[in-house]
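Okay, work.cif now, which holds mmCIF, C-alpha atoms:
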```
data_structure
loop_
_atom_site.label_atom_id
_atom_site.label_comp_id
_atom_site.auth_asym_id
_atom_site.auth_seq_id
_atom_site.Cartn_x
_atom_site.Cartn_y
_atom_site.Cartn_z
CA MET F 645 89.10 39.34 100.73
CA GLY F 646 85.89 37.49 101.48
CA GLU F 647 86.87 34.38 99.51
CA ARG F 648 90.09 34.08 101.49
CA LYS F 649 88.30 33.93 104.84
CA GLY F 650 86.91 30.80 106.34
CA THR F 651 83.12 30.42 106.14
CA ASN F 652 82.74 28.53 109.36
CA LYS F 653 79.00 28.86 109.85
CA TYR F 654 77.19 26.80 112.39
CA TYR F 655 73.91 25.29 111.25
CA PRO F 656 71.82 24.17 114.18
CA PRO F 657 70.00 20.76 114.00
CA ASP F 658 66.55 22.32 113.60
CA PHE F 659 67.65 24.50 110.66
CA ASP F 660 65.51 23.84 107.60
CA PRO F 661 66.67 25.52 104.36
CA ALA F 662 63.22 25.24 102.83
CA LYS F 663 61.63 26.81 105.85
CA HIS F 664 64.24 29.37 107.01
CA GLY F 665 66.10 30.06 103.77
CA SER F 666 69.24 31.48 105.52
CA LEU F 667 70.83 31.74 108.92
CA ASN F 668 69.85 35.43 109.17
CA LYS F 669 66.18 34.51 108.92
CA TYR F 670 66.73 31.65 111.33
CA HIS F 671 68.27 34.11 113.90
CA HIS F 672 65.75 36.86 112.94
CA SER F 673 68.58 39.33 112.26
CA HIS F 674 69.62 41.58 109.38
CA PRO F 675 72.89 40.99 107.51
CA LEU F 676 74.01 44.54 108.35
CA ARG F 677 73.40 43.95 112.08
CA GLU F 678 73.36 47.26 114.04
CA ARG F 679 73.53 49.37 110.90
CA ALA F 680 70.00 48.29 110.01
CA ARG F 681 68.43 48.93 113.43
CA LYS F 682 66.26 51.76 111.96
CA LEU F 683 65.60 50.11 108.65
CA SER F 684 61.89 49.94 109.43
CA GLN F 685 61.87 53.77 109.37
CA GLY F 686 63.67 53.83 106.05
CA ILE F 687 66.99 54.82 107.69
CA LEU F 688 70.25 53.02 107.05
CA VAL F 689 73.47 53.83 108.96
CA ILE F 690 76.35 54.23 106.54
CA ARG F 691 79.89 55.55 106.61
CA PHE F 692 79.75 59.10 105.22
CA GLU F 693 82.78 61.16 104.16
CA MET F 694 82.66 64.97 104.30
CA PRO F 695 82.68 66.26 100.69
CA TYR F 696 84.16 69.72 101.45
CA ASN F 697 85.34 71.95 104.31
CA ILE F 698 82.65 73.20 106.67
CA TRP F 699 82.25 75.17 109.93
CA CYS F 700 80.13 73.60 112.65
CA ASP F 701 77.33 75.87 113.94
CA GLY F 702 77.42 74.30 117.40
CA CYS F 703 81.09 74.57 118.41
CA LYS F 704 82.23 76.91 115.59
CA ASN F 705 85.11 74.54 114.81
CA HIS F 706 86.44 73.72 111.39
CA ILE F 707 85.77 70.26 109.96
CA GLY F 708 87.98 69.36 107.06
CA MET F 709 87.11 67.58 103.87
CA GLY F 710 87.46 63.80 104.13
CA VAL F 711 86.44 63.40 107.79
CA ARG F 712 84.22 60.32 108.13
CA TYR F 713 81.08 59.92 110.22
CA ASN F 714 78.45 57.30 110.92
CA ALA F 715 75.49 58.96 109.20
CA GLU F 716 71.84 58.05 108.91
CA LYS F 717 70.90 57.78 105.24
CA LYS F 718 67.31 58.47 104.24
CA LYS F 719 65.55 59.04 100.93
CA VAL F 720 63.67 62.35 100.88
CA GLY F 721 62.73 62.84 97.20
CA THR F 722 63.71 62.49 93.57
CA TYR F 723 65.08 64.68 90.80
CA TYR F 724 63.37 63.25 87.74
CA THR F 725 64.26 59.61 88.29
CA THR F 726 67.35 60.24 90.48
CA PRO F 727 66.69 59.79 94.21
CA ILE F 728 67.69 62.50 96.66
CA TYR F 729 69.25 61.23 99.88
CA ARG F 730 69.69 63.05 103.17
CA PHE F 731 72.48 62.30 105.66
CA ARG F 732 72.30 63.11 109.36
CA MET F 733 75.42 62.86 111.51
CA LYS F 734 76.65 64.09 114.89
CA CYS F 735 79.64 66.40 115.18
CA HIS F 736 82.59 64.69 116.84
CA LEU F 737 83.49 67.91 118.75
CA CYS F 738 80.06 68.79 120.20
CA VAL F 739 76.46 67.55 120.44
CA ASN F 740 75.32 69.37 117.31
CA TYR F 741 73.82 67.39 114.43
CA ILE F 742 74.65 68.16 110.80
CA GLU F 743 72.29 67.39 107.94
CA MET F 744 73.29 67.29 104.26
CA GLN F 745 71.60 66.03 101.14
CA THR F 746 72.49 65.35 97.54
CA ASP F 747 71.84 67.81 94.69
CA PRO F 748 71.57 65.87 91.43
CA ALA F 749 70.85 69.04 89.42
CA GLY F 750 74.13 70.66 90.45
CA CYS F 751 76.13 67.46 91.01
CA ASP F 752 76.93 68.58 94.52
CA TYR F 753 76.04 68.23 98.19
CA VAL F 754 73.90 70.85 99.96
CA ILE F 755 73.99 71.62 103.69
CA VAL F 756 70.48 71.54 105.16
CA SER F 757 71.24 72.51 108.77
CA GLY F 758 73.87 72.43 111.50
CA ALA F 759 76.87 73.72 109.54
CA ARG F 760 78.16 76.39 107.17
CA ARG F 761 80.16 75.70 104.05
CA LYS F 762 83.62 77.16 103.61
CA GLU F 763 83.23 78.91 100.30
CA GLU F 764 85.92 77.77 97.88
CA ARG F 765 83.87 77.58 94.67
CA TRP F 766 84.30 79.73 91.58
CA ASP F 767 82.30 80.50 88.50
CA MET F 768 83.63 78.71 85.44
CA LYS F 769 82.45 81.52 83.20
CA ASP F 770 84.28 84.18 85.21
CA ASN F 771 87.34 81.94 85.27
CA GLU F 772 87.23 81.72 81.47
CA GLN F 773 86.86 77.96 81.47
CA VAL F 774 85.03 75.90 78.87
CA LEU F 775 81.43 75.60 79.99
CA PRO F 776 79.51 72.40 79.38
CA THR F 777 76.51 72.79 77.14
CA GLU F 778 73.23 72.75 79.02
CA ARG F 779 70.64 70.16 78.10
CA GLU F 780 68.08 72.73 77.01
CA GLU F 781 70.64 74.47 74.82
CA LYS F 782 71.73 71.18 73.34
CA GLU F 783 68.15 70.32 72.46
CA LYS F 784 67.68 73.73 70.77
CA LEU F 785 70.87 73.25 68.76
CA GLU F 786 69.57 69.94 67.50
CA THR F 787 66.08 71.13 66.64
CA ASP F 788 66.26 74.88 65.86
CA ALA F 789 68.26 75.84 62.77
CA MET F 790 68.12 79.59 63.40
CA PHE F 791 69.40 79.17 66.96
CA ARG F 792 72.21 76.98 65.64
CA LEU F 793 73.17 79.70 63.12
CA GLU F 794 73.14 82.42 65.77
CA HIS F 795 75.17 80.26 68.10
CA GLY F 796 77.77 79.71 65.36
CA VAL F 797 78.03 83.47 64.70
CA ALA F 798 78.53 84.11 68.42
CA ASP F 799 81.23 81.44 68.58
CA ARG F 800 83.10 83.01 65.63
CA ALA F 801 82.93 86.45 67.27
CA THR F 802 84.36 84.99 70.45
CA LEU F 803 87.17 83.43 68.42
CA GLN F 804 87.97 86.75 66.73
CA ARG F 805 88.21 88.48 70.13
CA ALA F 806 90.55 85.78 71.38
CA VAL F 807 92.89 85.87 68.35
CA PRO F 808 95.11 88.78 69.57
CA THR F 809 95.57 87.10 72.93
CA LEU F 810 96.47 83.83 71.26
CA ALA F 811 98.91 85.58 68.92
CA SER F 812 100.68 87.33 71.80
CA LEU F 813 100.94 84.04 73.66
CA GLN F 814 102.47 82.38 70.59
CA GLU F 815 105.00 85.22 70.20
CA ALA F 816 105.98 84.99 73.85
CA GLN F 817 106.41 81.25 73.49
CA SER F 818 108.54 81.62 70.35
CA ALA F 819 110.82 84.14 72.14
CA TRP F 820 111.86 81.40 74.55
CA LYS F 821 112.48 78.90 71.83
CA ASP F 822 116.25 79.58 71.35
CA ASP F 823 117.72 78.09 74.51
CA PHE F 824 121.36 78.76 73.59
CA ALA F 825 120.86 82.52 73.06
CA LEU F 826 118.88 82.86 76.27
CA ASN F 827 121.53 80.97 78.23
CA SER F 828 124.34 83.11 76.74
CA ARG F 829 122.50 86.34 77.54
CA LEU F 830 121.84 85.24 81.10
CA ARG F 831 125.45 84.18 81.72
CA ARG F 832 126.75 87.50 80.30
CA HIS F 833 124.46 89.41 82.65
CA PHE F 834 125.72 87.33 85.60
CA ARG F 835 129.37 87.99 84.67
CA GLU F 836 128.84 91.76 84.49
CA GLU F 837 127.01 91.81 87.80
CA LYS F 838 129.71 89.69 89.44
CA LYS F 839 132.45 92.02 88.17
CA THR F 840 130.61 95.05 89.52
CA LEU F 841 130.19 93.42 92.91
CA ARG F 842 133.89 92.51 93.03
CA GLU F 843 134.92 96.12 92.26
CA GLU F 844 132.60 97.45 94.95
CA GLU F 845 134.03 95.01 97.51
CA GLU F 846 137.60 96.01 96.68
CA GLU F 847 136.75 99.72 96.97
CA ALA F 848 135.02 99.14 100.30
CA ALA F 849 137.97 97.12 101.62
CA ALA F 850 140.43 99.88 100.61
CA LEU F 851 138.27 102.51 102.32
CA GLN F 852 138.03 100.42 105.49
CA ALA F 853 141.80 99.90 105.58
CA LYS F 854 142.43 103.62 105.03
CA ALA F 855 139.96 104.81 107.68
CA GLY F 856 140.52 101.93 110.10
CA LEU F 857 136.88 100.88 110.07
CA SER F 858 135.63 97.50 111.23
CA ILE F 859 131.98 97.93 110.23
CA PRO F 860 130.61 96.74 106.89
CA LEU F 861 129.93 99.44 104.31
CA VAL F 862 126.63 99.56 102.45
CA ARG F 863 126.17 100.43 98.80
CA GLU F 864 125.84 104.07 97.82
CA VAL F 865 122.48 105.32 96.59
CA GLU F 866 121.48 108.51 94.81
CA GLU F 867 119.64 109.87 97.84
CA ASP F 868 122.80 109.61 99.98
CA ARG F 869 124.81 111.48 97.32
CA ARG F 870 122.29 114.34 97.22
CA LEU F 871 122.25 114.57 101.01
CA ALA F 872 126.05 114.61 101.21
CA ALA F 873 126.21 117.42 98.63
CA LEU F 874 123.92 119.57 100.77
CA LEU F 875 126.03 119.16 103.94
CA LYS F 876 128.93 121.52 104.74
CA TYR F 877 131.43 120.61 107.45
CA HIS F 878 133.25 123.35 109.43
CA SER F 879 134.94 123.71 112.83
CA PRO F 880 132.67 124.74 115.72
CA ASP F 881 134.77 127.90 116.43
CA SER F 882 136.10 130.11 113.65
CA TYR F 883 139.39 132.02 113.78
CA GLU F 884 137.62 135.28 114.65
CA GLU F 885 135.69 133.56 117.44
CA LYS F 886 138.88 132.16 118.94
CA GLN F 887 140.56 135.57 118.81
CA ARG F 888 137.57 137.21 120.50
CA MET F 889 137.57 134.57 123.27
CA LYS F 890 141.30 135.10 123.80
CA ARG F 891 140.89 138.88 124.09
CA THR F 892 138.05 138.41 126.57
CA GLU F 893 140.19 136.13 128.71
CA ILE F 894 143.10 138.63 128.69
CA SER F 895 140.86 141.59 129.57
CA SER F 896 139.26 139.73 132.49
CA ARG F 897 142.66 138.76 133.94
CA SER F 898 144.01 140.72 136.98
CA TRP F 899 146.49 143.48 136.26
CA PHE F 900 148.65 142.79 139.31
CA SER F 901 150.92 139.83 139.94
CA PRO F 902 150.05 137.52 142.85
CA ALA F 903 153.12 138.63 144.90
CA THR F 904 152.64 142.36 145.62
CA GLY F 905 155.84 144.25 146.17
CA GLY F 906 159.47 143.22 145.76
CA ARG F 907 160.21 142.80 149.46
CA ALA F 908 157.32 140.46 150.07
CA SER F 909 158.28 138.33 147.10
CA GLU F 910 161.91 138.30 148.25
CA ALA F 911 160.82 137.21 151.73
CA LEU F 912 158.70 134.45 150.26
CA ARG F 913 161.56 133.37 148.07
CA LYS F 914 163.83 133.15 151.13
CA LEU F 915 161.25 131.08 152.94
CA GLY F 916 161.05 128.72 149.95
CA LEU F 917 157.33 129.23 149.48
CA GLY F 918 157.19 131.14 146.21
CA GLY F 919 153.88 130.86 144.44
CA ARG F 920 152.88 127.81 146.49
CA ALA F 921 151.99 129.88 149.55
CA LEU F 922 149.93 132.25 147.46
CA ARG F 923 147.99 129.50 145.74
CA GLY F 924 147.34 127.36 148.80
CA ARG F 925 146.10 123.79 148.55
CA GLY F 926 142.87 123.86 146.63
CA GLY F 927 141.53 126.76 148.71
CA PRO F 928 141.10 130.50 148.09
CA PRO F 929 144.15 132.56 147.09
CA ALA F 930 146.40 133.68 149.99
CA THR F 931 146.35 137.33 151.12
CA LEU F 932 149.05 139.57 152.60
CA ALA F 933 147.37 139.58 156.00
CA GLY F 934 147.26 135.79 155.97
CA LEU F 935 150.97 135.64 155.30
CA GLY F 936 151.79 137.94 158.26
CA ILE F 937 152.61 141.00 156.14
CA VAL F 938 151.34 144.31 157.61
CA ARG F 939 151.56 147.90 156.51
CA ARG F 940 152.61 150.63 158.97
CA ARG F 941 153.30 154.33 158.71
CA SER F 942 156.92 155.42 158.68
CA GLY F 943 158.21 156.33 162.14
CA GLU F 944 155.77 153.99 163.93
CA GLY F 945 157.26 151.34 166.10
CA PRO F 946 156.40 147.74 165.72
CA GLU F 947 154.63 147.71 169.08
CA GLY F 948 153.44 151.33 169.33
CA PRO F 949 149.71 151.78 169.96
CA ALA F 950 147.65 153.25 167.24
CA GLU F 951 146.43 156.76 167.81
CA PRO F 952 142.71 157.62 167.58
CA GLY F 953 141.61 157.99 163.97
CA GLU F 954 144.52 155.92 162.63
CA PRO F 955 143.94 152.52 161.06
CA GLU F 956 144.62 149.36 162.96
CA ARG F 957 147.40 146.91 162.08
CA GLY F 958 146.93 145.18 158.79
CA GLU F 959 144.70 147.98 157.40
CA THR F 960 145.62 150.30 154.58
CA THR F 961 144.75 154.00 154.60
CA PRO F 962 144.29 155.46 151.14
CA CYS F 963 145.83 158.84 150.46
CA SER F 964 143.19 161.58 150.63
CA PRO F 965 143.46 165.12 149.25
CA PRO F 966 144.12 167.97 151.75
CA ALA F 967 141.09 169.46 153.49
CA PRO F 968 140.07 172.95 152.47
CA ALA F 969 141.16 175.84 154.81
CA SER F 970 138.62 176.92 157.43
CA GLU F 971 137.40 180.54 157.84
CA PRO F 972 139.42 182.88 160.13
CA GLN F 973 138.29 183.39 163.77
CA GLY F 974 138.46 186.43 166.07
CA GLY F 975 140.29 189.44 164.74
CA ALA F 976 141.18 187.88 161.44
CA GLU F 977 140.14 189.97 158.52
CA ALA F 978 137.61 188.67 156.08
CA GLY F 979 138.94 187.50 152.76
CA THR F 980 142.46 186.84 154.15
CA ALA F 981 143.47 183.32 154.99
CA PRO F 982 146.67 182.05 156.55
CA PRO F 983 148.94 180.24 154.21
CA ALA F 984 147.96 176.58 154.07
CA THR F 985 150.78 174.13 154.53
CA PRO F 986 150.11 170.93 152.59
CA PRO F 987 150.17 167.87 154.82
CA ALA F 988 152.94 165.43 154.28
CA ALA F 989 151.85 162.42 152.28
CA PRO F 990 151.82 159.38 154.49
CA SER F 991 154.50 156.99 153.40
CA THR F 992 153.91 153.27 153.85
CA SER F 993 156.37 150.49 154.04
CA LEU F 994 156.05 146.74 154.04
CA VAL F 995 157.40 144.98 157.10
CA ALA F 996 157.52 141.23 157.06
CA ASP F 997 157.31 139.29 160.27
CA TYR F 998 159.40 136.26 159.43
CA SER F 999 158.38 134.27 162.46
CA ASP F 1000 154.67 134.76 161.85
CA SER F 1001 154.85 134.10 158.12
CA SER F 1002 156.97 130.97 158.56
CA SER F 1003 154.59 129.53 161.18
CA GLU F 1004 151.54 130.24 159.00
CA ALA F 1005 153.23 128.76 155.91
CA GLU F 1006 154.03 125.57 157.81
CA SER F 1007 150.45 125.30 159.03
CA ALA F 1008 149.19 125.82 155.44
#
```
Structure re-expressed in structure tokens:
Amino acid sequence: MGERKGTNKYYPPDFDPAKHGSLNKYHHSHPLRERARKLSQGILVIRFEMPYNIWCDGCKNHIGMGVRYNAEKKKVGTYYTTPIYRFRMKCHLCVNYIEMQTDPAGCDYVIVSGARRKEERWDMKDNEQVLPTEREEKEKLETDAMFRLEHGVADRATLQRAVPTLASLQEAQSAWKDDFALNSRLRRHFREEKKTLREEEEEAAALQAKAGLSIPLVREVEEDRRLAALLKYHSPDSYEEKQRMKRTEISSRSWFSPATGGRASEALRKLGLGGRALRGRGGPPATLAGLGIVRRRSGEGPEGPAEPGEPERGETTPCSPPAPASEPQGGAEAGTAPPATPPAAPSTSLVADYSDSSSEAESA
């Protein structure tokens, strides 16, 4: 590109080529300008490209391979006749300086300070790659006949160990040589698998239509079959359990009907209440006293006062056995007792007060 640019250089009137030689000497400047500002110290500023991935020790950030820096290049030694150069550059993410130098013996760059290499190297011998012959070994092969013979024997032993591996690789390669047979086998396998999938989809669709399912069905596995064989489905209550529950319900039921007595039920039927008056509206069951039905002894008027010792209205007196005869008094002889007359059994009757029962039924 330099020949395509214009070389418009100004030569002042006092410029003497014999005296100054060039314009740089005339201006007392270096051709590299600012890059050569430390040239007196043996340092030249160059554009350096990172040879591999590193980690900066200052900011702990990753610096990738190929990042370019303005580095100070300085010669620090030689390897035989090959010079060793050191490069010093400033990290672009912090104030840390990184120093690297060349390694002619290993054909690599070595980090001196300021960074840590991201290890991505491998050993060619462990990776079973062909190793280059070292210079010392090459010299011994050229000069020492016994070493050359031993080296040849070792190479033949290595070849013999590698023959089975090479033979297996050749057999595997020859197995893939017939493309038509491989293609036919692969297509046949695909057809069988596709047919199996189609049959499974049809069976699943029939099962979904039969059971009315809208969820997708998964493929059966052997573990699910074993688990299903171990399960046994039965109703929560057996026939004997249902019969026992029914007998318990019957035995706990009341022996008497809700309407006690024929007259009371007939009165309720006349009033049009029936079983509704007995049940009530969501409350406790109705009683005879609540319906205005009272029990009185026969011969007692509806308004007659109760004698002392007799039950009040609405109460029921149970029949009690006759009391035993008392001992004789006065001139009665011992061991003789007057004939006991059994008391008449109290007879009860049901009397319905229609006015009271009708008013209470309407209020209920």
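Matched in the shown structure by the PyMOL selection byres ((chain F and resi 746) around 6): F:Ile728, F:Tyr729, F:Gln745, F:Asp747, F:Tyr753.
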note - atom CA of F:Ser858 and atom CA of F:Leu875 are separated by 24.8 Å
When you look at F:Lys719 with a cut-off of 12 Å (counting all atoms listed in the file), what residues show up, excluding the ones that are within fewer than 5 positions of it in the same chain? I need them as a count of residues only.
15
Quote the spacing between atom CA of F:Asp752 and atom CA of F:Met694 in Å to one decimal place.
11.9 Å
Suppose a student applies the PyMOL selection byres ((chain F and resi 674-679) around 7) to this structure; what residues should they get, written as a ChimeraX atom specification?
/F:668,673,680-681,688-689
Next, the residues of the selection above should be written as a compact mmCIF listing (two decimals), keeping the file's coordinate frame with C-alpha atoms.
```txt
# COMPACT_ATOMS: atom_id res chain seq x y z
CA ASN F 668 69.85 35.43 109.17
CA SER F 673 68.58 39.33 112.26
CA ALA F 680 70.00 48.29 110.01
CA ARG F 681 68.43 48.93 113.43
CA LEU F 688 70.25 53.02 107.05
CA VAL F 689 73.47 53.83 108.96
```
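The gap separating atom CA of F:His672 from atom CA of F:Phe659 is 12.7 Å, in Å to one decimal.
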Result set, the PyMOL selection byres ((chain F and resi 733) around 6) on current file, as a PDB file with C-alpha atoms, keeping the file's coordinate frame:
```
ATOM      1  CA  ALA F 715      75.490  58.960 109.200  1.00  0.00           C
ATOM      2  CA  ARG F 732      72.300  63.110 109.360  1.00  0.00           C
ATOM      3  CA  LYS F 734      76.650  64.090 114.890  1.00  0.00           C
ATOM      4  CA  TYR F 741      73.820  67.390 114.430  1.00  0.00           C
ATOM      5  CA  ILE F 742      74.650  68.160 110.800  1.00  0.00           C
TER       6      ILE F 742
END
```
Anything within 6 Å of (83.3, 66.5, 103.5): list those residues as a PyMOL selection string, counting all atoms listed in the file and sticking to the file's coordinates.
chain F and resi 693-697+709-710
